[in-house]
2 protein chains.
Amino acid sequence: MTLETISTGDEIIRGHSTDTNAPWLAARLGREGIFRRFHTLVGDDLDGLASAFRTAADRSDLVLVTGGLGPTEDDWTRRAAAKALGVGTVFRKDLWEALVLRFATLKREITESQKLQAYIPEGATVIPNRLGTAPGFSIELSGARLHFLSGVPREMEVMFTEHVLPEILAARPPSAADHRVIPTFGKAEAFVNDALGDVLLRTDASVGMTADYGTIRVTIQTVGEGSAERADGIEREVRLRLGGLVLEAESVEASVATLLSRRGLTLGVAESCTGGRIATQLTGVPGVSAVFLGGVVAYDNGVKERLLSVPRELLLEHGAVSAPVAVAMAEGARRVLGTDLAVATTGIAGPTGGTPEKPVGIVHLALATPGGTEHREVRLPGDREFVRRFSANIALNLVRRWLRKP
Amino acid sequence: MTLETISTGDEIIRGHSTDTNAPWLAARLGREGIFRRFHTLVGDDLDGLASAFRTAADRSDLVLVTGGLGPTEDDWTRRAAAKALGVGTVFRKDLWEALVLRFATLKREITESQKLQAYIPEGATVIPNRLGTAPGFSIELSGARLHFLSGVPREMEVMFTEHVLPEILAARPPSAADHRVIPTFGKAEAFVNDALGDVLLRTDASVGMTADYGTIRVTIQTVGEGSAERADGIEREVRLRLGGLVLEAESVEASVATLLSRRGLTLGVAESCTGGRIATQLTGVPGVSAVFLGGVVAYDNGVKERLLSVPRELLLEHGAVSAPVAVAMAEGARRVLGTDLAVATTGIAGPTGGTPEKPVGIVHLALATPGGTEHREVRLPGDREFVRRFSANIALNLVRRWLRKP
């Protein structure tokens, strides 16, 4: 079964926003052993879309289209699908009634333009959208099956998982395939590359790497007979070679949450340059409230003094971006939050504020524990967002490494 | 001049890594009034690539291809371009000598496999790559001009800017073009759609909308003679119709920063369900430290009591997710942080923790000001991440609306 994806939207084709739907669909079906061969992106363009639908239907068995189902005139997908089929669109009273009901429940007034969302191409079947107002639909074209889904990621994911995926899997029992992701943190991509060496060159599996603010993920894809056993063997080898770099969960924050629960310990944070990002990442992990109690975003020096009891003399003598202040922040946070551990960051994320001794990218981190406080200094390349994200991950990994110790 | 981009790579087609090259090229050329109509993504696949090159050359004037120029056997771009042209590849001694010199300078041993990078399709012209080892090349096919660039973003950007862009601009003086983005917050997409009505249907400009956790951005694109004047006129009309929904800066957090600076006021936050996201968004704005002093992530009730002085009786009587607790959090944060304003959130982001009276998605917000405290309750649809992001934006907009009052 050959898979192809199509995304639409002027903002995406112009490079102003990023499409996450098509990559998500490709990754999800890859896990079932169904691989994408082409992806096409088209703007809000009736003829361009209709032609892309035809081209895809001619060369692939399964085509997944996202976007262009909104309630506005430039949401062309419905009309383009009808054009590719050579039919018209039809008003579906059942869809309209569902929309009216939905708006009533949300106590929102329904507008006339919303009626556009009650039209689908003649002969299409509806894909319900229980999280949003844009229903999707499925059609047959040139022997291919095309599914049209909302462009809103969470709506698309639910529509796909609940309605499209079961149809795909029922139509074709999945060929044996396996996919593993082994997340690591602590070393650069080139180090992981050299450590894996020949594993990356295996011909009986596809082994790759992706990097994301310091998290290096090793991916293993196998297909065909014995794919699970082969994936098992390669995963064992990768874990053996990378040892303690391999995370306990899918991200460094989820690993910290897992290790904290396992050891029955609690964590707090004191953030200056990361500005709340460590807390945001941790609180993105469902159920983390049992082990992560909270934190202080001490952006201003007055807040460092008042809430974390950082002595004013330290700030005056060493500056806010210094080892002694990082240590005092961590220890102050641990005390005031009443946690077992507390991690702190203070640094210069840029674009301005750097000096020759303290350039943009310098970050001091500290971890306060029942047995004392650790300090670490790093110098990171890249822009403000990169420095903030990378140093948040480094702070979390500092906690993780401490928790891994026996 | 019609533009099309093509990216290649197995990791991208499988959805394991994100292509940033094609969006960058589209945005860069959009600024010159050259707009992308299609984008295609193909895996490491000789026939798929050759066919994508032909399709693109048939329908577009300018085709920019990134990736697949590395030194390994599955870097198919060179051979696929030759195949599309119906020619062979040729070994270029000058390219090989440049590679040998480059490796000598870097004190790295050159391997035999590197020789692959000294081949280009017969008749192609070389695009130098001064940051990496993979040279690019340009060809003519079906009357279209195709440029092949490195898949490494910084190499691609330099190759494009120094060699390809000058050729494109010389071949065709840029037509006048203008692009505006008008960000709004406070009403749903359908409301903005109805308010704009006929403006969205103008034929002398392309006017669209994108939605991002409550931020609705109206985009205006004009091309050709008088495009700046036309964009001016449309922008005035959009601003007139949307009034106070139009943000003061590109995002709701940047608008809050702008308004705080303008009024000489400071802000603090107290976050429960948003878990640090409001602070993270605010500290993503460069220079915000003058007006945003910091905050407390009060995830645990003990932290709400200890750092924000929320009375235990309130927590026991009303529960942490309640109007009185939101109000006490905001007032406590304003007092302890010493700010003019403080905004607080407490809610149930899910997936668990909901009850019939307090379902997942309920969020209480409060804004403490010198003149008293405002409270607001919202019920948001969607998953944990959506509830967190949307409610962070609503909290920021609460601050923004207060700051807009005379």
# chains A, B, ... in the order shown; residues from 1 in each chain; ligands from 1

call {"tool": "select_by_dssp", "arguments": {"residues": "stretch 72-156 of chain B", "states": "alpha helix (DSSP H)", "output": "list of chain:residue names"}}
result
B:Thr77, B:Arg78, B:Arg79, B:Ala80, B:Ala81, B:Ala82, B:Lys83, B:Ala84, B:Leu85, B:Lys93, B:Asp94, B:Leu95, B:Trp96, B:Glu97, B:Ala98, B:Leu99, B:Val100, B:Leu101, B:Arg102, B:Phe103, B:Ala104, B:Thr105, B:Pro153, B:Arg154, B:Glu155, B:Met156

call {"tool": "interface_residues", "arguments": {"of": "chain B", "to": "chain A", "cutoff": "6 Å", "atoms": "only C-alpha atoms", "output": "PDB file with N, CA and C atoms, in the first residue's frame"}}
result
ATOM      1  N   ARG B  14       9.429  10.149   6.340  1.00  0.00           N
ATOM      2  CA  ARG B  14       8.855   9.271   7.365  1.00  0.00           C
ATOM      3  C   ARG B  14       8.258  10.051   8.533  1.00  0.00           C
ATOM      4  N   GLY B  15       8.450  11.361   8.525  1.00  0.00           N
ATOM      5  CA  GLY B  15       7.884  12.176   9.586  1.00  0.00           C
ATOM      6  C   GLY B  15       8.745  12.208  10.838  1.00  0.00           C
ATOM      7  N   PRO B  23      10.311  25.897   3.654  1.00  0.00           N
ATOM      8  CA  PRO B  23       9.610  27.079   4.172  1.00  0.00           C
ATOM      9  C   PRO B  23      10.481  28.338   4.153  1.00  0.00           C
ATOM     10  N   ALA B  26      10.594  29.652   0.617  1.00  0.00           N
ATOM     11  CA  ALA B  26       9.310  30.246   0.228  1.00  0.00           C
ATOM     12  C   ALA B  26       9.153  31.628   0.850  1.00  0.00           C
ATOM     13  N   ALA B  27       9.506  31.745   2.131  1.00  0.00           N
ATOM     14  CA  ALA B  27       9.357  33.028   2.816  1.00  0.00           C
ATOM     15  C   ALA B  27      10.323  34.060   2.217  1.00  0.00           C
ATOM     16  N   PHE B  38       3.648  25.165  -5.378  1.00  0.00           N
ATOM     17  CA  PHE B  38       3.654  23.776  -4.936  1.00  0.00           C
ATOM     18  C   PHE B  38       4.934  23.477  -4.160  1.00  0.00           C
ATOM     19  N   HIS B  39       4.817  22.508  -3.278  1.00  0.00           N
ATOM     20  CA  HIS B  39       6.001  21.936  -2.640  1.00  0.00           C
ATOM     21  C   HIS B  39       5.839  20.425  -2.653  1.00  0.00           C
ATOM     22  N   THR B  40       6.907  19.718  -2.995  1.00  0.00           N
ATOM     23  CA  THR B  40       6.847  18.261  -2.983  1.00  0.00           C
ATOM     24  C   THR B  40       7.971  17.721  -2.130  1.00  0.00           C
ATOM     25  N   LEU B  41       7.636  16.667  -1.392  1.00  0.00           N
ATOM     26  CA  LEU B  41       8.617  15.999  -0.555  1.00  0.00           C
ATOM     27  C   LEU B  41       8.719  14.560  -1.050  1.00  0.00           C
ATOM     28  N   VAL B  42       9.940  14.102  -1.279  1.00  0.00           N
ATOM     29  CA  VAL B  42      10.165  12.752  -1.792  1.00  0.00           C
ATOM     30  C   VAL B  42      11.244  12.100  -0.941  1.00  0.00           C
ATOM     31  N   GLY B 275       1.123  26.283  34.372  1.00  0.00           N
ATOM     32  CA  GLY B 275       2.403  25.661  34.737  1.00  0.00           C
ATOM     33  C   GLY B 275       3.674  26.343  34.283  1.00  0.00           C
ATOM     34  N   GLY B 276       3.642  27.650  34.057  1.00  0.00           N
ATOM     35  CA  GLY B 276       4.859  28.345  33.644  1.00  0.00           C
ATOM     36  C   GLY B 276       4.790  28.867  32.216  1.00  0.00           C
ATOM     37  N   ARG B 277       3.697  28.531  31.513  1.00  0.00           N
ATOM     38  CA  ARG B 277       3.622  28.909  30.092  1.00  0.00           C
ATOM     39  C   ARG B 277       3.466  30.411  29.901  1.00  0.00           C
ATOM     40  N   ALA B 279       4.681  32.768  31.798  1.00  0.00           N
ATOM     41  CA  ALA B 279       6.029  33.326  32.016  1.00  0.00           C
ATOM     42  C   ALA B 279       6.932  32.998  30.830  1.00  0.00           C
ATOM     43  N   THR B 280       6.857  31.779  30.322  1.00  0.00           N
ATOM     44  CA  THR B 280       7.697  31.382  29.190  1.00  0.00           C
ATOM     45  C   THR B 280       7.401  32.242  27.967  1.00  0.00           C
ATOM     46  N   THR B 283       8.751  35.837  28.640  1.00  0.00           N
ATOM     47  CA  THR B 283      10.215  35.948  28.626  1.00  0.00           C
ATOM     48  C   THR B 283      10.792  35.573  27.269  1.00  0.00           C
ATOM     49  N   LEU B 293       8.564  41.076  35.944  1.00  0.00           N
ATOM     50  CA  LEU B 293       9.537  40.824  37.010  1.00  0.00           C
ATOM     51  C   LEU B 293       9.684  39.345  37.346  1.00  0.00           C
ATOM     52  N   GLY B 294       8.635  38.569  37.137  1.00  0.00           N
ATOM     53  CA  GLY B 294       8.738  37.149  37.453  1.00  0.00           C
ATOM     54  C   GLY B 294       7.414  36.582  37.895  1.00  0.00           C
ATOM     55  N   GLY B 295       7.471  35.393  38.495  1.00  0.00           N
ATOM     56  CA  GLY B 295       6.218  34.780  38.886  1.00  0.00           C
ATOM     57  C   GLY B 295       6.420  33.552  39.725  1.00  0.00           C
ATOM     58  N   VAL B 296       5.292  32.988  40.117  1.00  0.00           N
ATOM     59  CA  VAL B 296       5.303  31.776  40.920  1.00  0.00           C
ATOM     60  C   VAL B 296       4.507  30.712  40.166  1.00  0.00           C
ATOM     61  N   VAL B 297       5.138  29.550  39.967  1.00  0.00           N
ATOM     62  CA  VAL B 297       4.406  28.411  39.441  1.00  0.00           C
ATOM     63  C   VAL B 297       3.932  27.628  40.654  1.00  0.00           C
ATOM     64  N   ALA B 298       2.623  27.803  40.979  1.00  0.00           N
ATOM     65  CA  ALA B 298       2.086  27.226  42.210  1.00  0.00           C
ATOM     66  C   ALA B 298       1.271  25.996  41.834  1.00  0.00           C
ATOM     67  N   TYR B 299       1.995  24.928  41.520  1.00  0.00           N
ATOM     68  CA  TYR B 299       1.326  23.735  41.043  1.00  0.00           C
ATOM     69  C   TYR B 299       0.687  22.995  42.209  1.00  0.00           C
ATOM     70  N   ASP B 300       1.422  22.957  43.293  1.00  0.00           N
ATOM     71  CA  ASP B 300       0.992  22.272  44.507  1.00  0.00           C
ATOM     72  C   ASP B 300       0.234  23.259  45.408  1.00  0.00           C
TER      73      ASP B 300
END

call {"tool": "residues_around", "arguments": {"residues": "B:Leu315", "least_positions_apart": "3", "cutoff": "12 Å", "atoms": "only C-alpha atoms", "output": "MDAnalysis selection string"}}
result
chainID B and resid 300:305 309:312 318:329 346

call {"tool": "residues_around", "arguments": {"residues": "stretch 359-375 of chain B", "least_positions_apart": "3", "cutoff": "7 Å", "atoms": "only C-alpha atoms", "output": "number ranges by chain"}}
result
B: 321-323, 326-327, 330-331, 334, 340-350, 353-356, 378-381, 387, 395, 399

call {"tool": "write_last_selection", "arguments": {"atoms": "C-alpha atoms", "output": "JSON list (two decimals), in the first residue's frame"}}
result
[["chain", "number", "residue", "atom", "x", "y", "z"],
["B", 321, "VAL", "CA", -9.89, 25.39, 40.93],
["B", 322, "SER", "CA", -12.26, 28.16, 41.96],
["B", 323, "ALA", "CA", -12.82, 31.89, 41.61],
["B", 326, "ALA", "CA", -7.71, 32.50, 41.49],
["B", 327, "VAL", "CA", -8.36, 35.91, 43.05],
["B", 330, "ALA", "CA", -3.37, 37.03, 41.78],
["B", 331, "GLU", "CA", -3.49, 39.28, 44.85],
["B", 334, "ARG", "CA", 1.01, 41.13, 43.19],
["B", 340, "ASP", "CA", 1.59, 46.78, 39.63],
["B", 341, "LEU", "CA", -0.38, 43.94, 38.08],
["B", 342, "ALA", "CA", -0.49, 40.18, 38.56],
["B", 343, "VAL", "CA", -2.44, 37.58, 36.62],
["B", 344, "ALA", "CA", -3.30, 34.11, 37.91],
["B", 345, "THR", "CA", -4.64, 30.85, 36.47],
["B", 346, "THR", "CA", -6.05, 27.74, 38.09],
["B", 347, "GLY", "CA", -7.88, 25.07, 36.13],
["B", 348, "ILE", "CA", -8.16, 21.48, 35.04],
["B", 349, "ALA", "CA", -6.07, 20.81, 31.95],
["B", 350, "GLY", "CA", -6.80, 17.07, 31.88],
["B", 353, "GLY", "CA", -9.04, 15.38, 37.29],
["B", 354, "GLY", "CA", -12.38, 16.53, 35.90],
["B", 355, "THR", "CA", -15.70, 16.22, 37.77],
["B", 356, "PRO", "CA", -19.28, 17.00, 36.67],
["B", 378, "VAL", "CA", -13.75, 29.94, 30.83],
["B", 379, "ARG", "CA", -14.50, 26.43, 29.60],
["B", 380, "LEU", "CA", -12.17, 25.31, 26.86],
["B", 381, "PRO", "CA", -12.46, 22.31, 24.56],
["B", 387, "VAL", "CA", -6.18, 24.03, 27.41],
["B", 395, "ALA", "CA", -4.71, 35.35, 30.74],
["B", 399, "VAL", "CA", -3.88, 41.94, 31.10]]

call {"tool": "select_by_dssp", "arguments": {"residues": "stretch 140-185 of chain B", "states": "strand (DSSP E or B)", "output": "list in words"}}
result
Glu140, Leu141, Ala144, Arg145, Leu146, His147, Phe148, Leu149, Ala177, Asp178, His179, Arg180, Val181, Ile182, Pro183, Thr184 and Phe185 of chain B

call {"tool": "closest_residue", "arguments": {"among": "A:Leu260, A:Leu149, A:Ala231, A:Val87", "to": "A:Asp178", "atoms": "only C-alpha atoms"}}
result
A:Ala231

call {"tool": "residues_around", "arguments": {"residues": "B:Thr222", "least_positions_apart": "2", "cutoff": "9 Å", "atoms": "only C-alpha atoms", "output": "VMD selection string"}}
result
chain B and resid 33 176 to 180 204 to 207 220 224 226 to 228 230 to 231

call {"tool": "write_last_selection", "arguments": {"atoms": "C-alpha atoms", "output": "JSON list (two decimals), in the first residue's frame"}}
result
[["chain", "number", "residue", "atom", "x", "y", "z"],
["B", 33, "GLY", "CA", 7.12, 39.01, -4.73],
["B", 176, "ALA", "CA", 6.30, 45.15, -6.48],
["B", 177, "ALA", "CA", 4.80, 43.02, -3.72],
["B", 178, "ASP", "CA", 3.60, 43.60, -0.20],
["B", 179, "HIS", "CA", 2.73, 41.33, 2.70],
["B", 180, "ARG", "CA", 1.03, 42.28, 5.96],
["B", 204, "ASP", "CA", -6.93, 42.58, -6.14],
["B", 205, "ALA", "CA", -5.30, 40.99, -3.08],
["B", 206, "SER", "CA", -5.17, 37.70, -1.26],
["B", 207, "VAL", "CA", -6.60, 38.11, 2.24],
["B", 220, "ILE", "CA", -2.81, 40.46, 3.26],
["B", 224, "GLY", "CA", 2.10, 44.18, -8.97],
["B", 226, "GLY", "CA", 0.63, 49.90, -6.48],
["B", 227, "SER", "CA", 0.82, 46.88, -4.20],
["B", 228, "ALA", "CA", 1.94, 48.90, -1.16],
["B", 230, "ARG", "CA", -3.47, 48.57, -1.99],
["B", 231, "ALA", "CA", -2.08, 46.76, 1.08]]

call {"tool": "atom_distance", "arguments": {"atom1": "atom CA of B:Val90", "atom2": "atom CA of B:Arg54"}}
result
20.6 Å

call {"tool": "atom_distance", "arguments": {"atom1": "atom CA of B:Ala56", "atom2": "atom CA of A:Leu46"}}
result
18.0 Å

call {"tool": "atom_distance", "arguments": {"atom1": "atom CA of B:Ala104", "atom2": "atom CA of B:Glu122"}}
result
27.8 Å

call {"tool": "residues_around", "arguments": {"residues": "B:Leu95", "least_positions_apart": "2", "cutoff": "10 Å", "atoms": "only C-alpha atoms", "output": "MDAnalysis selection string"}}
result
chainID B and resid 91:93 97:101 115 117:120 126 128 133:135

call {"tool": "closest_residue", "arguments": {"among": "A:Val158, A:Arg335, A:Pro153, A:Val238", "to": "B:Phe386", "atoms": "only C-alpha atoms"}}
result
A:Pro153
